[in-house]
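Participant: Structure below; questions to follow.
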Amino acid sequence: MEQVKGRGAQSGDVSTRFGLATREADGDWRDVVETLDGPTPKLRTEVTIEHPRSILSFNQSPDIGFDRSVNAYRGCEHGCIYCFARPTHAFLDLSPGLDFESKLFAKPDAAKLLAETLAKPGYQPRPIAMGTNTDPYQPIEGRYRITRAMLEVCLDARHPVTITTKSDRVLADLDILEEMARKDLIAVAISVTSLDPALSRLVEPRAPSPTKRLAALGTLTQAGVPTHCSIAPVIPAITDDAMEGIVARAAELGVTSAGWIPLRLPHEVAPLFREWLETHFPDRKDKVMGIVRSIRNGRDNDPDFFSRLKPQGVWADLFRARFRVACRRAGIGDGKAKFALDCAQFRVPTTGGQLRLL
């Protein structure tokens, strides 16, 4: 199969979980098109405007540290091959592969909907998680600024927020983040999976380089914004050798909290990841998947609560011990980030007009 350059997924097959018709490129037709019109044009990113009726999602998962989240976009151009959110595109009759990273959806009404939700009678504030199913600072945020608009709403309402991202574009909102930090309303986690830019381009083809992400961690820390370095995910025999180096570098930048998350391969992510291994690391694909299955009770993925985030077995114990030692040497806290965000300041946000921001 010809390599799809500049993207994480190597195919655009539609999920069969929901009985959708499969797609298959007609080789004869492609040959004719290339003969008449030249090579197939490069895959371009498309953005569709979406107008949802609600924006705040609630969950009751017992092993996740937040109960509500908001996503400004669907899909993510970063194209991380391991992204556990890829299967969400299957609900749109789109491919969790190439469609997930090239057919994006933007929600320009998100800030307005969020303000209306927070203003509802009886609303009880708890930290809102941004960056759960899509990166809030993927490239199109530079054009739409939906994440910034939602942060403005949260600052106006004095509502706490946590952000998870793989992008230094978060610094574009440093003015808001600093103000929220002074009020104990914000915590930012930046994910760094490797220190090798060439490897990162294969694993996370359109995400900023590891150097930029680490620099962003340092800038946020110096600005007084609570930060957490997330080594997520750790891919056995591919990125796990960078664990100690990432922890050491984060500590040098003043970051005081770090954590790691093992690779997860739910639903359509498993075959996409296998396809990616076959393309980029055919010599070690069996080793990688062998380790993955060893920490997931013999399966590609463990979907069960609690155990899905706590791998078992010799390899899992080794990663856990290595991370613990690395944190001890660097003088950095290991485990999940624990930041004291303040919900007591909450006030009903202004709606339908100018935000207070005072």
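Residues are named by chain letter and number: chains run A, B, ... in the order of the structure tokens, numbers start at 1 in each chain, and ligands are numbered from 1 in the order shown.
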Taking only residues of segment 40-86 of chain A that have an atom at most 9 Å from an atom of segment 116-136 of chain A, what is each one's shortest atom pair and its distance in Å to one decimal, using only C-alpha atoms, in chain and number order, as a tab-separated table?
Facilitator:
```
residue	atom	partner	partner_atom	distance
A:Ser54	CA	A:Thr117	CA	8.1
A:Ile55	CA	A:Thr117	CA	8.2
A:Leu56	CA	A:Thr117	CA	7.5
A:Phe66	CA	A:Ala129	CA	6.8
A:Asp67	CA	A:Ile128	CA	7.8
A:Arg68	CA	A:Ile128	CA	5.5
A:Ser69	CA	A:Ala129	CA	4.4
A:Val70	CA	A:Met130	CA	5.5
A:Asn71	CA	A:Met130	CA	6.2
A:Ala72	CA	A:Pro136	CA	6.4
A:Tyr73	CA	A:Thr134	CA	6.4
A:Arg74	CA	A:Thr134	CA	6.2
A:Gly75	CA	A:Thr134	CA	6.0
A:Cys76	CA	A:Thr134	CA	5.6
A:Glu77	CA	A:Asp135	CA	8.7
A:His78	CA	A:Asp135	CA	8.1
A:Cys83	CA	A:Asn133	CA	8.7
A:Phe84	CA	A:Asn133	CA	8.0
A:Ala85	CA	A:Asn133	CA	5.2
A:Arg86	CA	A:Asn133	CA	8.3
```
Participant: With all heavy atoms retained, export the selected residues as a compact mmCIF listing (two decimals), in the first residue's frame.
Facilitator:
```
# COMPACT_ATOMS: atom_id res chain seq x y z
N SER A 54 -26.60 21.83 22.09
CA SER A 54 -25.97 21.89 23.41
C SER A 54 -24.47 21.70 23.23
O SER A 54 -24.02 21.18 22.22
CB SER A 54 -26.55 20.81 24.34
OG SER A 54 -26.28 19.52 23.82
N ILE A 55 -23.72 22.12 24.22
CA ILE A 55 -22.25 22.07 24.08
C ILE A 55 -21.56 21.39 25.26
O ILE A 55 -20.47 20.86 25.11
CB ILE A 55 -21.68 23.50 23.89
CG1 ILE A 55 -20.25 23.44 23.34
CG2 ILE A 55 -21.74 24.28 25.21
CD1 ILE A 55 -20.14 22.88 21.96
N LEU A 56 -22.19 21.37 26.42
CA LEU A 56 -21.55 20.79 27.60
C LEU A 56 -21.98 19.34 27.73
O LEU A 56 -23.18 19.03 27.80
CB LEU A 56 -21.95 21.57 28.86
CG LEU A 56 -21.10 21.35 30.11
CD1 LEU A 56 -19.65 21.74 29.87
CD2 LEU A 56 -21.67 22.16 31.28
N PHE A 66 -13.05 13.94 35.83
CA PHE A 66 -13.93 15.07 35.53
C PHE A 66 -15.30 14.52 35.14
O PHE A 66 -15.41 13.39 34.66
CB PHE A 66 -13.37 15.94 34.40
CG PHE A 66 -13.16 15.20 33.10
CD1 PHE A 66 -14.20 15.09 32.16
CD2 PHE A 66 -11.95 14.61 32.80
CE1 PHE A 66 -14.02 14.39 30.97
CE2 PHE A 66 -11.75 13.91 31.61
CZ PHE A 66 -12.80 13.81 30.69
N ASP A 67 -16.32 15.31 35.37
CA ASP A 67 -17.67 14.83 35.04
C ASP A 67 -18.32 15.61 33.92
O ASP A 67 -19.46 15.33 33.55
CB ASP A 67 -18.56 14.86 36.29
CG ASP A 67 -18.94 16.27 36.72
OD1 ASP A 67 -18.29 17.24 36.26
OD2 ASP A 67 -19.88 16.41 37.53
N ARG A 68 -17.60 16.63 33.38
CA ARG A 68 -18.15 17.42 32.28
C ARG A 68 -17.04 17.91 31.37
O ARG A 68 -15.91 18.14 31.82
CB ARG A 68 -18.97 18.59 32.82
CG ARG A 68 -18.18 19.61 33.62
CD ARG A 68 -19.07 20.46 34.50
NE ARG A 68 -19.64 19.66 35.58
CZ ARG A 68 -20.53 20.12 36.47
NH1 ARG A 68 -20.94 21.37 36.40
NH2 ARG A 68 -20.98 19.35 37.42
N SER A 69 -17.37 18.05 30.12
CA SER A 69 -16.36 18.47 29.16
C SER A 69 -17.01 19.25 28.03
O SER A 69 -18.23 19.21 27.84
CB SER A 69 -15.62 17.26 28.58
OG SER A 69 -16.52 16.38 27.91
N VAL A 70 -16.18 19.96 27.29
CA VAL A 70 -16.67 20.74 26.16
C VAL A 70 -15.65 20.62 25.03
O VAL A 70 -14.44 20.62 25.27
CB VAL A 70 -16.89 22.22 26.56
CG1 VAL A 70 -15.59 22.90 26.95
CG2 VAL A 70 -17.59 22.99 25.46
N ASN A 71 -16.14 20.47 23.82
CA ASN A 71 -15.27 20.33 22.65
C ASN A 71 -15.67 21.33 21.59
O ASN A 71 -16.82 21.33 21.12
CB ASN A 71 -15.35 18.91 22.09
CG ASN A 71 -14.69 17.89 23.00
OD1 ASN A 71 -13.46 17.81 23.07
ND2 ASN A 71 -15.49 17.12 23.72
N ALA A 72 -14.75 22.19 21.22
CA ALA A 72 -15.01 23.22 20.23
C ALA A 72 -15.10 22.66 18.82
O ALA A 72 -15.71 23.27 17.93
CB ALA A 72 -13.92 24.29 20.28
N TYR A 73 -14.50 21.48 18.62
CA TYR A 73 -14.41 20.90 17.28
C TYR A 73 -14.72 19.41 17.32
O TYR A 73 -14.72 18.79 18.40
CB TYR A 73 -13.01 21.11 16.70
CG TYR A 73 -12.54 22.55 16.76
CD1 TYR A 73 -11.67 22.99 17.77
CD2 TYR A 73 -13.00 23.48 15.84
CE1 TYR A 73 -11.28 24.31 17.83
CE2 TYR A 73 -12.60 24.81 15.90
CZ TYR A 73 -11.74 25.22 16.91
OH TYR A 73 -11.36 26.54 16.97
N ARG A 74 -14.98 18.83 16.17
CA ARG A 74 -15.02 17.38 15.99
C ARG A 74 -13.88 17.02 15.04
O ARG A 74 -13.66 17.71 14.06
CB ARG A 74 -16.34 16.92 15.37
CG ARG A 74 -17.57 17.04 16.25
CD ARG A 74 -18.77 16.49 15.50
NE ARG A 74 -20.02 16.75 16.16
CZ ARG A 74 -20.64 15.92 17.01
NH1 ARG A 74 -20.05 14.77 17.29
NH2 ARG A 74 -21.78 16.23 17.55
N GLY A 75 -13.22 15.91 15.32
CA GLY A 75 -12.06 15.55 14.53
C GLY A 75 -10.86 16.38 14.97
O GLY A 75 -11.00 17.36 15.71
N CYS A 76 -9.68 15.99 14.51
CA CYS A 76 -8.47 16.72 14.92
C CYS A 76 -7.40 16.58 13.84
O CYS A 76 -7.00 15.47 13.48
CB CYS A 76 -7.93 16.19 16.24
SG CYS A 76 -6.52 17.15 16.86
N GLU A 77 -6.93 17.72 13.36
CA GLU A 77 -5.97 17.73 12.27
C GLU A 77 -4.58 17.26 12.71
O GLU A 77 -3.75 16.95 11.87
CB GLU A 77 -5.87 19.13 11.66
CG GLU A 77 -5.12 19.14 10.34
CD GLU A 77 -5.13 20.50 9.67
OE1 GLU A 77 -5.63 21.46 10.27
OE2 GLU A 77 -4.61 20.59 8.54
N HIS A 78 -4.32 17.21 14.00
CA HIS A 78 -3.02 16.72 14.45
C HIS A 78 -2.74 15.32 13.91
O HIS A 78 -1.60 14.96 13.66
CB HIS A 78 -2.95 16.71 15.97
CG HIS A 78 -2.78 18.08 16.57
ND1 HIS A 78 -3.00 18.35 17.90
CD2 HIS A 78 -2.39 19.25 16.01
CE1 HIS A 78 -2.76 19.63 18.14
NE2 HIS A 78 -2.39 20.20 17.01
N CYS A 83 -4.97 8.18 18.60
CA CYS A 83 -6.02 8.96 19.26
C CYS A 83 -7.24 8.10 19.57
O CYS A 83 -7.89 7.56 18.66
CB CYS A 83 -6.42 10.16 18.41
SG CYS A 83 -7.66 11.20 19.21
N PHE A 84 -7.59 8.01 20.84
CA PHE A 84 -8.73 7.18 21.24
C PHE A 84 -10.07 7.78 20.81
O PHE A 84 -11.11 7.12 20.87
CB PHE A 84 -8.74 6.98 22.76
CG PHE A 84 -8.99 8.24 23.55
CD1 PHE A 84 -10.28 8.67 23.81
CD2 PHE A 84 -7.92 8.98 24.03
CE1 PHE A 84 -10.51 9.83 24.53
CE2 PHE A 84 -8.14 10.14 24.76
CZ PHE A 84 -9.44 10.58 25.01
N ALA A 85 -10.05 9.06 20.37
CA ALA A 85 -11.30 9.72 19.95
C ALA A 85 -11.64 9.43 18.49
O ALA A 85 -12.73 9.80 18.02
CB ALA A 85 -11.19 11.22 20.17
N ARG A 86 -10.76 8.79 17.76
CA ARG A 86 -11.03 8.53 16.34
C ARG A 86 -12.39 7.85 16.09
O ARG A 86 -13.10 8.21 15.14
CB ARG A 86 -9.90 7.69 15.74
CG ARG A 86 -8.63 8.47 15.43
CD ARG A 86 -7.58 7.57 14.78
NE ARG A 86 -6.38 8.31 14.40
CZ ARG A 86 -6.22 8.96 13.26
NH1 ARG A 86 -7.21 8.95 12.37
NH2 ARG A 86 -5.10 9.58 12.98
```
Participant: From segment 36-69 of chain A, collect each residue whose DSSP state is strand (DSSP E) and return the set as a ChimeraX atom specification.
Facilitator: /A:46-49,56-58,68-69
Participant: Go through A:Arg145, A:His159, A:Arg329, A:His89 and flag the residue nearest Leu114 of chain A, using only C-alpha atoms for the distances.
Facilitator: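 Once distances to Leu114 of chain A are computed over only C-alpha atoms, the minimum belongs to A:His159.
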Participant: Set the distance at 6 Å and use only C-alpha atoms: which residues neighbour segment 233-240 of chain A once local chain neighbours fewer than 5 positions away are removed? I'd like the list as a list of chain:residue names.
Facilitator: A:Ser194, A:Ile261, A:Pro262, A:Leu263, A:Val288
Participant: I want to know what sits within 8 Å of segment 178-184 of chain A, based on only C-alpha atoms, with residues of the same chain fewer than 4 positions away left out; could you give that as a PDB file with N, CA, C and O atoms, in the first residue's frame?
Facilitator:
```pdb
ATOM      1  N   LEU A 155     -14.006  32.739  32.280  1.00  0.00           N
ATOM      2  CA  LEU A 155     -13.412  33.779  33.112  1.00  0.00           C
ATOM      3  C   LEU A 155     -14.494  34.724  33.617  1.00  0.00           C
ATOM      4  O   LEU A 155     -14.511  35.113  34.790  1.00  0.00           O
ATOM      5  N   ARG A 158     -16.255  33.051  36.292  1.00  0.00           N
ATOM      6  CA  ARG A 158     -15.372  32.530  37.351  1.00  0.00           C
ATOM      7  C   ARG A 158     -15.548  31.012  37.476  1.00  0.00           C
ATOM      8  O   ARG A 158     -15.664  30.463  38.576  1.00  0.00           O
ATOM      9  N   PRO A 160     -14.044  27.202  36.835  1.00  0.00           N
ATOM     10  CA  PRO A 160     -12.757  26.513  36.650  1.00  0.00           C
ATOM     11  C   PRO A 160     -12.734  25.633  35.403  1.00  0.00           C
ATOM     12  O   PRO A 160     -13.756  25.067  34.998  1.00  0.00           O
ATOM     13  N   LEU A 174      -2.522  33.231  26.536  1.00  0.00           N
ATOM     14  CA  LEU A 174      -1.802  33.362  27.806  1.00  0.00           C
ATOM     15  C   LEU A 174      -2.385  34.476  28.668  1.00  0.00           C
ATOM     16  O   LEU A 174      -2.392  34.373  29.899  1.00  0.00           O
ATOM     17  N   ALA A 223       4.701  31.891  33.895  1.00  0.00           N
ATOM     18  CA  ALA A 223       3.593  32.844  33.984  1.00  0.00           C
ATOM     19  C   ALA A 223       2.679  32.557  35.173  1.00  0.00           C
ATOM     20  O   ALA A 223       1.705  33.278  35.392  1.00  0.00           O
ATOM     21  N   GLY A 224       2.983  31.508  35.917  1.00  0.00           N
ATOM     22  CA  GLY A 224       2.181  31.186  37.093  1.00  0.00           C
ATOM     23  C   GLY A 224       0.966  30.339  36.817  1.00  0.00           C
ATOM     24  O   GLY A 224       0.085  30.198  37.672  1.00  0.00           O
ATOM     25  N   VAL A 225       0.894  29.753  35.613  1.00  0.00           N
ATOM     26  CA  VAL A 225      -0.235  28.880  35.265  1.00  0.00           C
ATOM     27  C   VAL A 225       0.090  27.455  35.706  1.00  0.00           C
ATOM     28  O   VAL A 225       1.135  26.917  35.314  1.00  0.00           O
ATOM     29  N   PRO A 226      -0.731  26.823  36.530  1.00  0.00           N
ATOM     30  CA  PRO A 226      -0.468  25.437  36.937  1.00  0.00           C
ATOM     31  C   PRO A 226      -0.373  24.522  35.721  1.00  0.00           C
ATOM     32  O   PRO A 226      -1.277  24.499  34.879  1.00  0.00           O
ATOM     33  N   ALA A 340      -5.739  22.565  42.893  1.00  0.00           N
ATOM     34  CA  ALA A 340      -6.871  23.050  43.681  1.00  0.00           C
ATOM     35  C   ALA A 340      -7.581  24.160  42.912  1.00  0.00           C
ATOM     36  O   ALA A 340      -7.250  25.336  43.042  1.00  0.00           O
ATOM     37  N   LEU A 341      -8.555  23.776  42.099  1.00  0.00           N
ATOM     38  CA  LEU A 341      -9.338  24.758  41.371  1.00  0.00           C
ATOM     39  C   LEU A 341     -10.548  25.170  42.209  1.00  0.00           C
ATOM     40  O   LEU A 341     -11.157  24.352  42.890  1.00  0.00           O
ATOM     41  N   ASP A 342     -10.872  26.450  42.141  1.00  0.00           N
ATOM     42  CA  ASP A 342     -11.877  27.038  43.022  1.00  0.00           C
ATOM     43  C   ASP A 342     -13.231  27.162  42.321  1.00  0.00           C
ATOM     44  O   ASP A 342     -13.356  27.884  41.330  1.00  0.00           O
TER      45      ASP A 342
END
```
Participant: Could you find all residues in segment 80-239 of chain A that DSSP calls helix (DSSP H, G or I) from the backbone, and write them as a PyMOL selection string?
Facilitator: chain A and resi 86-92+98-102+110-118+141-144+146-157+168-182+197-203+210-222
Participant: Just the number, please: distance in Å from atom CA of Phe273 of chain A to atom CA of Ala215 of chain A, one decimal.
Facilitator: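 About the pair atom CA of Phe273 of chain A and atom CA of Ala215 of chain A: they are 28.8 Å apart.
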Participant: If you count only C-alpha atoms, which residues fall within 12 Å of Val325 of chain A, apart from same-chain ones fewer than 4 positions away, as a PyMOL selection string?
Facilitator: chain A and resi 243-245+247-248+318-321+329-334
Participant: Could you take the residues named above and write them with all heavy atoms, as an mmCIF file, in the first residue's frame?
Facilitator:
```
data_model
loop_
_atom_site.group_PDB
_atom_site.id
_atom_site.type_symbol
_atom_site.label_atom_id
_atom_site.label_comp_id
_atom_site.auth_asym_id
_atom_site.auth_seq_id
_atom_site.Cartn_x
_atom_site.Cartn_y
_atom_site.Cartn_z
ATOM 1 N N MET A 243 10.745 8.344 27.991
ATOM 2 C CA MET A 243 10.071 8.668 29.238
ATOM 3 C C MET A 243 10.964 9.439 30.210
ATOM 4 O O MET A 243 10.603 10.518 30.708
ATOM 5 C CB MET A 243 9.558 7.380 29.901
ATOM 6 C CG MET A 243 8.701 7.613 31.136
ATOM 7 S SD MET A 243 8.216 6.049 31.923
ATOM 8 C CE MET A 243 7.169 5.345 30.665
ATOM 9 N N GLU A 244 12.153 8.916 30.474
ATOM 10 C CA GLU A 244 13.044 9.566 31.445
ATOM 11 C C GLU A 244 13.487 10.946 30.969
ATOM 12 O O GLU A 244 13.561 11.903 31.760
ATOM 13 C CB GLU A 244 14.277 8.689 31.695
ATOM 14 C CG GLU A 244 14.000 7.415 32.480
ATOM 15 C CD GLU A 244 13.493 6.260 31.624
ATOM 16 O OE1 GLU A 244 13.287 6.468 30.410
ATOM 17 O OE2 GLU A 244 13.313 5.158 32.166
ATOM 18 N N GLY A 245 13.779 11.072 29.679
ATOM 19 C CA GLY A 245 14.225 12.349 29.142
ATOM 20 C C GLY A 245 13.150 13.416 29.214
ATOM 21 O O GLY A 245 13.429 14.587 29.500
ATOM 22 N N VAL A 247 10.638 13.575 31.393
ATOM 23 C CA VAL A 247 10.476 13.960 32.794
ATOM 24 C C VAL A 247 11.594 14.914 33.219
ATOM 25 O O VAL A 247 11.342 15.941 33.857
ATOM 26 C CB VAL A 247 10.464 12.711 33.701
ATOM 27 C CG1 VAL A 247 10.551 13.109 35.170
ATOM 28 C CG2 VAL A 247 9.203 11.891 33.464
ATOM 29 N N ALA A 248 12.825 14.591 32.858
ATOM 30 C CA ALA A 248 13.960 15.438 33.235
ATOM 31 C C ALA A 248 13.846 16.826 32.623
ATOM 32 O O ALA A 248 14.097 17.847 33.283
ATOM 33 C CB ALA A 248 15.268 14.774 32.807
ATOM 34 N N LEU A 318 7.213 -2.537 34.657
ATOM 35 C CA LEU A 318 8.493 -1.938 34.286
ATOM 36 C C LEU A 318 8.316 -0.457 33.945
ATOM 37 O O LEU A 318 9.077 0.394 34.411
ATOM 38 C CB LEU A 318 9.093 -2.692 33.094
ATOM 39 C CG LEU A 318 10.385 -2.102 32.502
ATOM 40 C CD1 LEU A 318 11.491 -2.093 33.544
ATOM 41 C CD2 LEU A 318 10.798 -2.882 31.264
ATOM 42 N N PHE A 319 7.315 -0.137 33.124
ATOM 43 C CA PHE A 319 7.069 1.264 32.776
ATOM 44 C C PHE A 319 6.764 2.084 34.022
ATOM 45 O O PHE A 319 7.236 3.211 34.198
ATOM 46 C CB PHE A 319 5.892 1.372 31.798
ATOM 47 C CG PHE A 319 6.162 0.779 30.453
ATOM 48 C CD1 PHE A 319 5.137 0.187 29.727
ATOM 49 C CD2 PHE A 319 7.432 0.787 29.904
ATOM 50 C CE1 PHE A 319 5.363 -0.364 28.479
ATOM 51 C CE2 PHE A 319 7.684 0.230 28.658
ATOM 52 C CZ PHE A 319 6.654 -0.343 27.946
ATOM 53 N N ARG A 320 5.964 1.517 34.906
ATOM 54 C CA ARG A 320 5.570 2.208 36.128
ATOM 55 C C ARG A 320 6.798 2.490 36.997
ATOM 56 O O ARG A 320 6.954 3.601 37.533
ATOM 57 C CB ARG A 320 4.559 1.332 36.869
ATOM 58 C CG ARG A 320 3.573 2.096 37.729
ATOM 59 C CD ARG A 320 2.474 1.162 38.234
ATOM 60 N NE ARG A 320 1.420 0.973 37.250
ATOM 61 C CZ ARG A 320 1.081 -0.180 36.722
ATOM 62 N NH1 ARG A 320 1.711 -1.294 37.074
ATOM 63 N NH2 ARG A 320 0.110 -0.245 35.840
ATOM 64 N N ALA A 321 7.665 1.509 37.133
ATOM 65 C CA ALA A 321 8.863 1.679 37.957
ATOM 66 C C ALA A 321 9.820 2.689 37.329
ATOM 67 O O ALA A 321 10.406 3.529 38.034
ATOM 68 C CB ALA A 321 9.563 0.326 38.145
ATOM 69 N N ARG A 329 14.280 11.172 40.593
ATOM 70 C CA ARG A 329 15.559 11.787 40.243
ATOM 71 C C ARG A 329 15.406 13.254 39.844
ATOM 72 O O ARG A 329 16.277 14.085 40.126
ATOM 73 C CB ARG A 329 16.207 11.013 39.100
ATOM 74 C CG ARG A 329 16.745 9.644 39.497
ATOM 75 C CD ARG A 329 17.286 8.911 38.287
ATOM 76 N NE ARG A 329 17.893 7.633 38.656
ATOM 77 C CZ ARG A 329 18.298 6.720 37.781
ATOM 78 N NH1 ARG A 329 18.138 6.933 36.480
ATOM 79 N NH2 ARG A 329 18.858 5.589 38.205
ATOM 80 N N ALA A 330 14.298 13.561 39.183
ATOM 81 C CA ALA A 330 14.083 14.926 38.695
ATOM 82 C C ALA A 330 13.455 15.830 39.747
ATOM 83 O O ALA A 330 13.375 17.046 39.553
ATOM 84 C CB ALA A 330 13.193 14.889 37.454
ATOM 85 N N GLY A 331 12.991 15.235 40.836
ATOM 86 C CA GLY A 331 12.351 16.033 41.872
ATOM 87 C C GLY A 331 10.990 16.546 41.446
ATOM 88 O O GLY A 331 10.610 17.679 41.749
ATOM 89 N N ILE A 332 10.251 15.707 40.747
ATOM 90 C CA ILE A 332 8.952 16.111 40.209
ATOM 91 C C ILE A 332 7.890 15.143 40.701
ATOM 92 O O ILE A 332 8.165 13.957 40.893
ATOM 93 C CB ILE A 332 9.020 16.127 38.664
ATOM 94 C CG1 ILE A 332 7.803 16.834 38.065
ATOM 95 C CG2 ILE A 332 9.140 14.739 38.099
ATOM 96 C CD1 ILE A 332 7.931 17.052 36.564
ATOM 97 N N GLY A 333 6.683 15.642 40.924
ATOM 98 C CA GLY A 333 5.617 14.792 41.415
ATOM 99 C C GLY A 333 5.139 13.829 40.361
ATOM 100 O O GLY A 333 4.953 14.203 39.202
ATOM 101 N N ASP A 334 4.950 12.561 40.719
ATOM 102 C CA ASP A 334 4.474 11.577 39.762
ATOM 103 C C ASP A 334 3.018 11.241 40.041
ATOM 104 O O ASP A 334 2.535 11.321 41.158
ATOM 105 C CB ASP A 334 5.322 10.298 39.816
ATOM 106 C CG ASP A 334 5.249 9.598 41.159
ATOM 107 O OD1 ASP A 334 5.205 10.317 42.167
ATOM 108 O OD2 ASP A 334 5.225 8.363 41.196
#
```
Participant: Could you give me, as a PyMOL selection string, the residues within 10 Å of Tyr82 of chain A, counting only C-alpha atoms and dropping anything in the same chain fewer than 5 positions from it?
Facilitator: chain A and resi 8-9+203-204+232-233+235+263-266+269-270+272-273+276
Participant: Limited to C-alpha atoms, could you put the picked residues into a file as a PDB file, in the first residue's frame?
Facilitator:
```
ATOM      1  CA  GLY A   8      -1.353   9.683  10.686  1.00  0.00           C
ATOM      2  CA  ALA A   9      -3.886   7.190   9.361  1.00  0.00           C
ATOM      3  CA  VAL A 203       3.175   9.495  15.292  1.00  0.00           C
ATOM      4  CA  GLU A 204       1.583  12.969  15.450  1.00  0.00           C
ATOM      5  CA  ALA A 232       0.426  10.225  26.814  1.00  0.00           C
ATOM      6  CA  PRO A 233       0.361   7.711  25.464  1.00  0.00           C
ATOM      7  CA  ILE A 235       3.809   3.366  23.004  1.00  0.00           C
ATOM      8  CA  LEU A 263      -1.464   3.202  24.800  1.00  0.00           C
ATOM      9  CA  ARG A 264      -5.169   2.449  24.328  1.00  0.00           C
ATOM     10  CA  LEU A 265      -6.593   1.001  21.114  1.00  0.00           C
ATOM     11  CA  PRO A 266     -10.407   1.094  21.313  1.00  0.00           C
ATOM     12  CA  VAL A 269      -8.062   2.546  16.511  1.00  0.00           C
ATOM     13  CA  ALA A 270      -6.542  -0.947  16.785  1.00  0.00           C
ATOM     14  CA  LEU A 272      -5.534   1.741  12.164  1.00  0.00           C
ATOM     15  CA  PHE A 273      -2.588   1.445  14.513  1.00  0.00           C
ATOM     16  CA  TRP A 276       0.475   2.350  10.757  1.00  0.00           C
TER      17      TRP A 276
END
```
Participant: Have a look at A:Phe105, A:Phe323, A:Phe100, A:Phe91 and name the one nearest to Val47 of chain A; count only C-alpha atoms.
Facilitator: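 Closest to Val47 of chain A, using only C-alpha atoms: A:Phe105.
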Participant: Would you mind listing what lies within 10 Å of Asp99 of chain A as a VMD selection string, with only C-alpha atoms counted and same-chain residues fewer than 3 positions away left out?
Facilitator: chain A and resid 9 11 to 14 43 45 to 46 75 to 77 79 86 89 to 90 93 to 96 102 to 104
Participant: Out of A:Ile81, A:Leu195, A:Ala216, A:Ile190, which residue has the shortest atom-to-atom distance to Leu277 of chain A when counting only C-alpha atoms?
Facilitator: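 Smallest separation from Leu277 of chain A among the options: A:Ile81.
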Participant: When you count only C-alpha atoms, which of these residues is closest to Phe281 of chain A: A:Asp156, A:Asp109, A:Val161, A:Leu202?
Facilitator: A:Leu202
Participant: For Thr256 of chain A, which residue among A:Thr162, A:Ser307, A:Gln222, A:Thr279 is the nearest when counting only C-alpha atoms?
Facilitator: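 The closest residue to Thr256 of chain A is A:Gln222.
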